[in-house]
Amino acid sequence: MSGVDLKFFSEVQVALEKEADRKDEIRIKVREFDRQVRQLAAVLNGVHADPSGPVPEIDFTEVQATLRHFAALIPGDHFHKYYDLWSRQVQQAVFLVVFRHYLVHEELVTIPVIETTLGGKILNTCTSRLAVNAVTVGDYQRPLRLSKFIKDLSAGFQMLNLKNDIIRKRFDGIKYDVKKIEEVVYDITLRGLQQNEQPNKKPKLSE
């Protein structure tokens with residue numbers, strides 16, 4: 001009876017070490033990616049301080065480069081093994097694309113635009129916060145437009161058969177936005193404030 005071939009275990013050890021090295025390299029890039037995304041978010045969130053002002057300009061060049069680095073690190077058929085390492089940061093980057101596109105165009109972004117922007121929590125558009133902040137600076141038309149947009153978005157997701165997963169939880173967040181914006185619109189209407197604004201006032205683009 002032959003003994004156990006220890007060469008097999010040596011090869012397994014080498015494979016495990018290579019896997020650990022790859023994850024370490026990915027984590028280093030994830031920290032860099034997280035920093036880039038947080039910096040962009042800080043700039044774009046300036047819209048809440050001045051909802052009627054220019055839409056903040058953000059540059060996705062560094063984010064695109066980092067995403068390309070991710071793609072180079074990971075074999076095409078092993079993507080699922082590492083996705084959890086950067087999924088949260090990628091979701092935040094997608095949110096930034098979605099939110100800025102809405103601020104500029106007041107419409108839902110398309111998948112090709114996201115891919116083009118990033119080089120490669122759509123649902124979380126912060127609309128209720130924007131509605132409240134718009135009122136504080138005297139922009140009474142934006143909450144009305146936000147209300148229509150978020151209701152249309154909610155109606156679209158109601159057509160989907162969503163299970164009890166992360167998408168369903170995000171959709172529940174949209175329902176909260178609908179309720180919150182309805183309260184803002186009700187208050188504006190009750191006070192007759194919308195009559196003091198020019199209809200269909202559009203956000204100004206950044207210079």
# chains A, B, ... in the order shown; residues from 1 in each chain; ligands from 1
>>> residues_around(residues="Pro51 in chain A", least_positions_apart="6", cutoff="9 Å", atoms="only C-alpha atoms", output="PyMOL selection string")
chain A and resi 130-131+133-135+137+139+142+203
>>> write_last_selection(atoms="N, CA and C atoms", output="CSV table (one decimal), in the first residue's frame")
chain,number,residue,atom,x,y,z
A,130,LEU,N,-33.7,65.6,0.1
A,130,LEU,CA,-33.6,66.8,-0.9
A,130,LEU,C,-34.8,67.6,-0.9
A,131,ALA,N,-36.0,66.9,-0.8
A,131,ALA,CA,-37.3,67.7,-0.7
A,131,ALA,C,-37.3,68.6,0.5
A,133,ASN,N,-34.8,69.8,2.2
A,133,ASN,CA,-33.8,70.9,2.1
A,133,ASN,C,-34.1,71.9,1.1
A,134,ALA,N,-34.9,71.5,0.0
A,134,ALA,CA,-35.3,72.4,-1.0
A,134,ALA,C,-36.3,73.4,-0.4
A,135,VAL,N,-37.2,73.0,0.4
A,135,VAL,CA,-38.1,73.9,1.0
A,135,VAL,C,-37.5,74.9,1.9
A,137,VAL,N,-34.8,76.4,1.5
A,137,VAL,CA,-34.2,77.5,0.8
A,137,VAL,C,-35.2,78.2,-0.2
A,139,ASP,N,-37.3,76.7,-2.4
A,139,ASP,CA,-37.6,76.1,-3.7
A,139,ASP,C,-38.8,75.1,-3.5
A,142,ARG,N,-39.4,72.0,-6.5
A,142,ARG,CA,-38.7,70.7,-6.6
A,142,ARG,C,-39.4,69.6,-5.8
A,203,PRO,N,-33.0,72.4,-12.1
A,203,PRO,CA,-31.8,72.6,-11.4
A,203,PRO,C,-30.7,73.2,-12.3
>>> residues_around(residues="range 69-78 of chain A", least_positions_apart="5", cutoff="8 Å", atoms="only C-alpha atoms", output="PDB file with C-alpha atoms, in the first residue's frame")
ATOM      1  CA  ARG A  22      -4.690  38.097  -4.149  1.00  0.00           C
ATOM      2  CA  ILE A  26      -7.754  43.432  -3.533  1.00  0.00           C
ATOM      3  CA  LYS A  29      -7.390  48.578  -3.668  1.00  0.00           C
TER       4      LYS A  29
END
>>> select_by_dssp(residues="range 50-202 of chain A", states="alpha helix (DSSP H)", output="VMD selection string")
chain A and resid 61 to 73 79 to 82 87 to 105 111 to 118 127 to 136 142 to 158 166 to 191
>>> closest_residue(among="A:Thr110, A:Thr117, A:Thr66, A:Gln13", to="Gln89 in chain A", atoms="only C-alpha atoms")
A:Thr66
>>> closest_residue(among="A:Val63, A:Leu118, A:Ile181, A:Val113", to="Arg145 in chain A", atoms="only C-alpha atoms")
A:Ile181
>>> residues_around(residues="Gly192 in chain A", least_positions_apart="6", cutoff="12 Å", atoms="only C-alpha atoms", output="list in words")
Tyr140, Gln141, Val185 and Tyr186 of chain A
>>> atom_distance(atom1="CA of Ala42 in chain A", atom2="CA of Lys23 in chain A")
28.1 Å
>>> closest_residue(among="A:Glu182, A:Glu62, A:Glu115, A:Glu25", to="Leu146 in chain A", atoms="only C-alpha atoms")
A:Glu182
>>> atom_distance(atom1="CA of Val37 in chain A", atom2="CA of Glu19 in chain A")
26.3 Å
